[in-house]
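K.L.:
Contents of upload-v3.pdb (PDB, C-alpha atoms, pLDDT in the B column) are given next:
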```pdb
ATOM      1  CA  MET C   1      19.724 -11.745 -16.724  1.00 95.00           C
ATOM      2  CA  LEU C   2      21.838  -9.873 -14.197  1.00 97.00           C
ATOM      3  CA  VAL C   3      23.356  -6.533 -15.254  1.00 97.00           C
ATOM      4  CA  VAL C   4      26.045  -4.970 -13.061  1.00 98.00           C
ATOM      5  CA  ASP C   5      27.402  -1.444 -13.540  1.00 97.00           C
ATOM      6  CA  ASP C   6      28.200   1.389 -11.144  1.00 96.00           C
ATOM      7  CA  ASP C   7      27.043   4.015 -13.674  1.00 95.00           C
ATOM      8  CA  PRO C   8      23.271   4.574 -13.297  1.00 96.00           C
ATOM      9  CA  LEU C   9      23.037   5.947 -16.860  1.00 94.00           C
ATOM     10  CA  ILE C  10      24.625   2.790 -18.322  1.00 93.00           C
ATOM     11  CA  LEU C  11      22.266   0.649 -16.221  1.00 95.00           C
ATOM     12  CA  GLU C  12      19.290   2.611 -17.544  1.00 95.00           C
ATOM     13  CA  VAL C  13      20.481   2.297 -21.159  1.00 94.00           C
ATOM     14  CA  LEU C  14      21.110  -1.431 -20.792  1.00 95.00           C
ATOM     15  CA  ARG C  15      17.745  -2.011 -19.115  1.00 94.00           C
ATOM     16  CA  THR C  16      15.978  -0.116 -21.928  1.00 94.00           C
ATOM     17  CA  ILE C  17      17.819  -2.043 -24.647  1.00 93.00           C
ATOM     18  CA  LEU C  18      17.186  -5.401 -23.019  1.00 94.00           C
ATOM     19  CA  ASP C  19      13.561  -4.626 -22.115  1.00 93.00           C
ATOM     20  CA  LEU C  20      12.920  -3.946 -25.828  1.00 92.00           C
ATOM     21  CA  GLU C  21      14.019  -7.538 -26.440  1.00 91.00           C
ATOM     22  CA  ASP C  22      11.569  -8.787 -23.766  1.00 91.00           C
ATOM     23  CA  LEU C  23      14.439 -10.014 -21.600  1.00 90.00           C
ATOM     24  CA  GLU C  24      13.932 -10.260 -17.848  1.00 91.00           C
ATOM     25  CA  VAL C  25      16.571  -7.988 -16.319  1.00 95.00           C
ATOM     26  CA  THR C  26      17.785  -7.436 -12.763  1.00 96.00           C
ATOM     27  CA  THR C  27      20.203  -4.540 -12.296  1.00 96.00           C
ATOM     28  CA  VAL C  28      22.641  -3.880  -9.467  1.00 97.00           C
ATOM     29  CA  GLU C  29      25.165  -1.093  -8.999  1.00 96.00           C
ATOM     30  CA  ASP C  30      28.293  -2.855  -7.737  1.00 97.00           C
ATOM     31  CA  GLY C  31      30.138  -6.138  -7.444  1.00 97.00           C
ATOM     32  CA  GLY C  32      29.090  -6.779  -3.872  1.00 97.00           C
ATOM     33  CA  ALA C  33      25.426  -6.333  -4.779  1.00 97.00           C
ATOM     34  CA  ALA C  34      25.915  -8.689  -7.740  1.00 97.00           C
ATOM     35  CA  LEU C  35      27.294 -11.415  -5.505  1.00 97.00           C
ATOM     36  CA  ALA C  36      24.472 -10.852  -3.000  1.00 97.00           C
ATOM     37  CA  GLN C  37      21.898 -11.066  -5.822  1.00 96.00           C
ATOM     38  CA  LEU C  38      23.399 -14.392  -6.899  1.00 96.00           C
ATOM     39  CA  GLU C  39      22.702 -15.714  -3.395  1.00 94.00           C
ATOM     40  CA  VAL C  40      19.024 -14.822  -3.912  1.00 93.00           C
ATOM     41  CA  ASP C  41      18.848 -15.944  -7.568  1.00 89.00           C
ATOM     42  CA  PRO C  42      21.864 -18.101  -8.422  1.00 79.00           C
ATOM     43  CA  ARG C  43      20.749 -18.907 -11.984  1.00 89.00           C
ATOM     44  CA  PRO C  44      20.443 -15.846 -14.253  1.00 95.00           C
ATOM     45  CA  ASP C  45      20.719 -16.769 -17.948  1.00 94.00           C
ATOM     46  CA  VAL C  46      23.639 -14.366 -18.462  1.00 97.00           C
ATOM     47  CA  ILE C  47      25.596 -11.868 -16.358  1.00 98.00           C
ATOM     48  CA  VAL C  48      26.608  -8.596 -18.035  1.00 97.00           C
ATOM     49  CA  CYS C  49      29.185  -6.933 -15.800  1.00 98.00           C
ATOM     50  CA  ASP C  50      31.227  -3.750 -15.912  1.00 97.00           C
ATOM     51  CA  VAL C  51      34.904  -4.194 -15.047  1.00 97.00           C
ATOM     52  CA  MET C  52      35.813  -0.914 -13.379  1.00 95.00           C
ATOM     53  CA  MET C  53      33.777  -0.675 -10.180  1.00 95.00           C
ATOM     54  CA  PRO C  54      34.769   0.294  -6.632  1.00 90.00           C
ATOM     55  CA  GLU C  55      35.519  -2.367  -3.996  1.00 91.00           C
ATOM     56  CA  ILE C  56      34.699  -5.576  -5.903  1.00 97.00           C
ATOM     57  CA  ASP C  57      35.465  -5.048  -9.593  1.00 97.00           C
ATOM     58  CA  GLY C  58      34.037  -7.012 -12.488  1.00 97.00           C
ATOM     59  CA  LEU C  59      37.081  -9.243 -12.816  1.00 98.00           C
ATOM     60  CA  GLU C  60      36.673 -10.368  -9.210  1.00 98.00           C
ATOM     61  CA  VAL C  61      32.928 -10.872  -9.695  1.00 98.00           C
ATOM     62  CA  CYS C  62      33.713 -13.047 -12.712  1.00 98.00           C
ATOM     63  CA  ARG C  63      36.354 -15.042 -10.808  1.00 98.00           C
ATOM     64  CA  ARG C  64      33.931 -15.696  -7.953  1.00 97.00           C
ATOM     65  CA  VAL C  65      31.072 -16.655 -10.277  1.00 97.00           C
ATOM     66  CA  LYS C  66      33.272 -19.048 -12.239  1.00 98.00           C
ATOM     67  CA  GLY C  67      34.871 -20.410  -9.070  1.00 97.00           C
ATOM     68  CA  ASP C  68      31.559 -21.363  -7.440  1.00 96.00           C
ATOM     69  CA  PRO C  69      30.125 -24.692  -8.629  1.00 95.00           C
ATOM     70  CA  ARG C  70      26.584 -23.316  -8.238  1.00 94.00           C
ATOM     71  CA  THR C  71      27.208 -20.474 -10.693  1.00 96.00           C
ATOM     72  CA  ALA C  72      30.216 -21.587 -12.763  1.00 96.00           C
ATOM     73  CA  SER C  73      28.128 -22.422 -15.828  1.00 96.00           C
ATOM     74  CA  ILE C  74      26.494 -18.980 -16.029  1.00 97.00           C
ATOM     75  CA  PRO C  75      27.898 -17.071 -19.015  1.00 98.00           C
ATOM     76  CA  VAL C  76      29.617 -13.814 -18.025  1.00 98.00           C
ATOM     77  CA  LEU C  77      29.982 -10.961 -20.497  1.00 98.00           C
ATOM     78  CA  LEU C  78      32.323  -8.213 -19.349  1.00 97.00           C
ATOM     79  CA  LEU C  79      31.261  -4.793 -20.664  1.00 95.00           C
ATOM     80  CA  THR C  80      33.991  -2.230 -20.180  1.00 92.00           C
ATOM     81  CA  ALA C  81      35.822   0.827 -21.444  1.00 91.00           C
ATOM     82  CA  ARG C  82      39.103  -1.077 -21.099  1.00 88.00           C
ATOM     83  CA  ASP C  83      40.106  -2.175 -24.580  1.00 89.00           C
ATOM     84  CA  ARG C  84      43.819  -2.949 -24.438  1.00 93.00           C
ATOM     85  CA  SER C  85      44.937  -6.483 -25.217  1.00 93.00           C
ATOM     86  CA  GLU C  86      46.159  -6.969 -21.634  1.00 96.00           C
ATOM     87  CA  ASP C  87      42.711  -5.933 -20.362  1.00 95.00           C
ATOM     88  CA  ARG C  88      41.068  -8.549 -22.588  1.00 94.00           C
ATOM     89  CA  ALA C  89      43.606 -11.119 -21.398  1.00 96.00           C
ATOM     90  CA  ALA C  90      42.754 -10.289 -17.771  1.00 97.00           C
ATOM     91  CA  GLY C  91      39.059 -10.787 -18.552  1.00 96.00           C
ATOM     92  CA  LEU C  92      39.708 -14.145 -20.151  1.00 96.00           C
ATOM     93  CA  ALA C  93      41.953 -15.162 -17.251  1.00 97.00           C
ATOM     94  CA  ALA C  94      39.093 -14.292 -14.871  1.00 97.00           C
ATOM     95  CA  GLY C  95      36.906 -16.699 -16.837  1.00 97.00           C
ATOM     96  CA  CYS C  96      34.648 -14.390 -18.846  1.00 97.00           C
ATOM     97  CA  ASP C  97      32.771 -15.884 -21.773  1.00 97.00           C
ATOM     98  CA  ASP C  98      32.773 -12.672 -23.810  1.00 97.00           C
ATOM     99  CA  TYR C  99      34.339  -9.214 -23.617  1.00 96.00           C
ATOM    100  CA  VAL C 100      32.672  -6.128 -25.118  1.00 96.00           C
ATOM    101  CA  THR C 101      34.085  -2.622 -25.032  1.00 94.00           C
ATOM    102  CA  LYS C 102      32.240   0.643 -24.477  1.00 90.00           C
ATOM    103  CA  PRO C 103      30.966   2.407 -26.437  1.00 91.00           C
ATOM    104  CA  PHE C 104      29.019  -0.536 -27.798  1.00 91.00           C
ATOM    105  CA  SER C 105      26.465  -1.141 -30.502  1.00 93.00           C
ATOM    106  CA  PRO C 106      23.140  -2.109 -28.878  1.00 93.00           C
ATOM    107  CA  LEU C 107      22.380  -4.549 -31.691  1.00 94.00           C
ATOM    108  CA  ALA C 108      25.802  -6.195 -31.444  1.00 94.00           C
ATOM    109  CA  LEU C 109      25.458  -6.436 -27.652  1.00 95.00           C
ATOM    110  CA  ILE C 110      22.048  -8.116 -27.963  1.00 95.00           C
ATOM    111  CA  GLU C 111      23.475 -10.578 -30.482  1.00 95.00           C
ATOM    112  CA  ARG C 112      26.394 -11.410 -28.172  1.00 96.00           C
ATOM    113  CA  ILE C 113      24.074 -11.871 -25.189  1.00 95.00           C
ATOM    114  CA  ALA C 114      21.761 -14.073 -27.274  1.00 94.00           C
ATOM    115  CA  ALA C 115      24.704 -16.210 -28.372  1.00 95.00           C
ATOM    116  CA  LEU C 116      25.764 -16.695 -24.739  1.00 94.00           C
ATOM    117  CA  GLY C 117      22.214 -17.508 -23.672  1.00 83.00           C
ATOM    118  CA  ASP C 118      21.823 -20.015 -26.517  1.00 77.00           C
ATOM    119  CA  GLY C 119      25.036 -21.718 -25.489  1.00 60.00           C
ATOM    120  CA  ALA C 120      23.801 -21.994 -21.903  1.00 50.00           C
ATOM    121  CA  ASP C 121      20.498 -23.448 -23.086  1.00 40.00           C
ATOM    122  CA  ALA C 122      22.277 -26.011 -25.243  1.00 35.00           C
ATOM    123  CA  THR C 123      24.509 -27.182 -22.422  1.00 35.00           C
ATOM    124  CA  ASP C 124      22.137 -27.379 -19.481  1.00 37.00           C
ATOM    125  CA  GLY C 125      18.623 -27.470 -20.816  1.00 34.00           C
ATOM    126  CA  GLY C 126      17.951 -23.807 -20.081  1.00 37.00           C
ATOM    127  CA  ARG C 127      17.415 -21.874 -16.869  1.00 34.00           C
TER
END
```
Can you give me the file's structure in the form of structure tokens?
P.N.:
Amino acid sequence: MLVVDDDPLILEVLRTILDLEDLEVTTVEDGGAALAQLEVDPRPDVIVCDVMMPEIDGLEVCRRVKGDPRTASIPVLLLTARDRSEDRAAGLAAGCDDYVTKPFSPLALIERIAALGDGADATDGGR
């Protein structure tokens, strides 16, 4: 799993939550680093990505992931403080598979990630 957020505290919280579920997690602090990480490991089970980041935001990361045939099938969950209907619409237009707003329930987030991962396993035999 690839987790992308420019807030080190959020990255630490997410890593702790996901480590408790025995999930293999790679964290990066911005959109450019996320895209570079996908060049190294183009097949994470799920990408959890913040929307509001400097330079390359989460919407652009999502668009690029979904626009690249090598990574298009990777589920992308956008995790953001933006909760207006137009923000959700922008996330869906970028191609995200799920949209979760901060603050979030750790249990609900794990369930959403698991659902995305299960869907990926069902469609391509796992990664």
K.L.:
For CA of Asp118 in chain C and CA of Ser73 in chain C, determine how far apart the two atoms are, in Å to one decimal place.
P.N.:
12.6 Å
K.L.:
Interatomic distance between CA of Glu60 in chain C and CA of Thr80 in chain C?
P.N.:
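We find that CA of Glu60 in chain C and CA of Thr80 in chain C lie 13.9 Å from each other.
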K.L.:
Excluding Thr27 in chain C and residues on its chain fewer than 3 positions from it, collect all residues at most 9 Å away from it, counting all atoms listed in the file, and give them as a PyMOL selection string.
P.N.:
chain C and resi 1-5+11-12+15+34
K.L.:
Using all atoms listed in the file, which residues sit within 10 Å of Leu92 in chain C once same-chain residues fewer than 6 positions away are excluded, as a PyMOL selection string?
P.N.:
chain C and resi 59+62-63+78+86+98-99
K.L.:
Mind pulling up the distance from CA of Pro103 in chain C to CA of Arg64 in chain C?
P.N.:
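Computed distance, CA of Arg64 in chain C to CA of Pro103 in chain C, equals 26.0 Å.
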K.L.:
Would you mind putting N, CA and C atoms back on range 57-79 of chain C and writing the result as a CSV table (one decimal), keeping the file's coordinate frame?
P.N.:
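For reference, rebuild03.csv as written:
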```csv
chain,number,residue,atom,x,y,z
C,57,ASP,N,35.6,-5.4,-8.2
C,57,ASP,CA,35.5,-5.0,-9.6
C,57,ASP,C,34.9,-6.2,-10.4
C,58,GLY,N,34.6,-6.0,-11.6
C,58,GLY,CA,34.0,-7.0,-12.5
C,58,GLY,C,34.9,-8.2,-12.7
C,59,LEU,N,36.2,-8.1,-12.7
C,59,LEU,CA,37.1,-9.2,-12.8
C,59,LEU,C,36.9,-10.2,-11.6
C,60,GLU,N,36.8,-9.6,-10.4
C,60,GLU,CA,36.7,-10.4,-9.2
C,60,GLU,C,35.3,-11.0,-9.2
C,61,VAL,N,34.3,-10.3,-9.6
C,61,VAL,CA,32.9,-10.9,-9.7
C,61,VAL,C,33.0,-12.1,-10.6
C,62,CYS,N,33.6,-11.9,-11.8
C,62,CYS,CA,33.7,-13.0,-12.7
C,62,CYS,C,34.5,-14.2,-12.1
C,63,ARG,N,35.6,-14.0,-11.4
C,63,ARG,CA,36.4,-15.0,-10.8
C,63,ARG,C,35.5,-15.8,-9.8
C,64,ARG,N,34.8,-15.1,-9.0
C,64,ARG,CA,33.9,-15.7,-8.0
C,64,ARG,C,32.8,-16.5,-8.6
C,65,VAL,N,32.2,-15.9,-9.6
C,65,VAL,CA,31.1,-16.7,-10.3
C,65,VAL,C,31.6,-18.0,-10.9
C,66,LYS,N,32.7,-17.9,-11.6
C,66,LYS,CA,33.3,-19.0,-12.2
C,66,LYS,C,33.9,-20.0,-11.3
C,67,GLY,N,34.3,-19.5,-10.1
C,67,GLY,CA,34.9,-20.4,-9.1
C,67,GLY,C,33.9,-21.1,-8.2
C,68,ASP,N,32.6,-20.8,-8.3
C,68,ASP,CA,31.6,-21.4,-7.4
C,68,ASP,C,30.8,-22.4,-8.3
C,69,PRO,N,30.8,-23.7,-7.8
C,69,PRO,CA,30.1,-24.7,-8.6
C,69,PRO,C,28.6,-24.4,-8.9
C,70,ARG,N,28.0,-23.6,-8.0
C,70,ARG,CA,26.6,-23.3,-8.2
C,70,ARG,C,26.4,-22.3,-9.4
C,71,THR,N,27.4,-21.5,-9.7
C,71,THR,CA,27.2,-20.5,-10.7
C,71,THR,C,28.2,-20.6,-11.8
C,72,ALA,N,29.1,-21.5,-11.8
C,72,ALA,CA,30.2,-21.6,-12.8
C,72,ALA,C,29.7,-21.7,-14.2
C,73,SER,N,28.6,-22.3,-14.4
C,73,SER,CA,28.1,-22.4,-15.8
C,73,SER,C,27.4,-21.2,-16.4
C,74,ILE,N,27.2,-20.2,-15.6
C,74,ILE,CA,26.5,-19.0,-16.0
C,74,ILE,C,27.5,-18.2,-16.9
C,75,PRO,N,27.0,-17.9,-18.1
C,75,PRO,CA,27.9,-17.1,-19.0
C,75,PRO,C,28.1,-15.7,-18.4
C,76,VAL,N,29.3,-15.2,-18.5
C,76,VAL,CA,29.6,-13.8,-18.0
C,76,VAL,C,30.2,-13.0,-19.2
C,77,LEU,N,29.5,-11.9,-19.5
C,77,LEU,CA,30.0,-11.0,-20.5
C,77,LEU,C,30.5,-9.7,-19.8
C,78,LEU,N,31.8,-9.4,-19.9
C,78,LEU,CA,32.3,-8.2,-19.3
C,78,LEU,C,32.1,-7.1,-20.3
C,79,LEU,N,31.5,-6.0,-19.9
C,79,LEU,CA,31.3,-4.8,-20.7
C,79,LEU,C,32.0,-3.7,-20.1
```
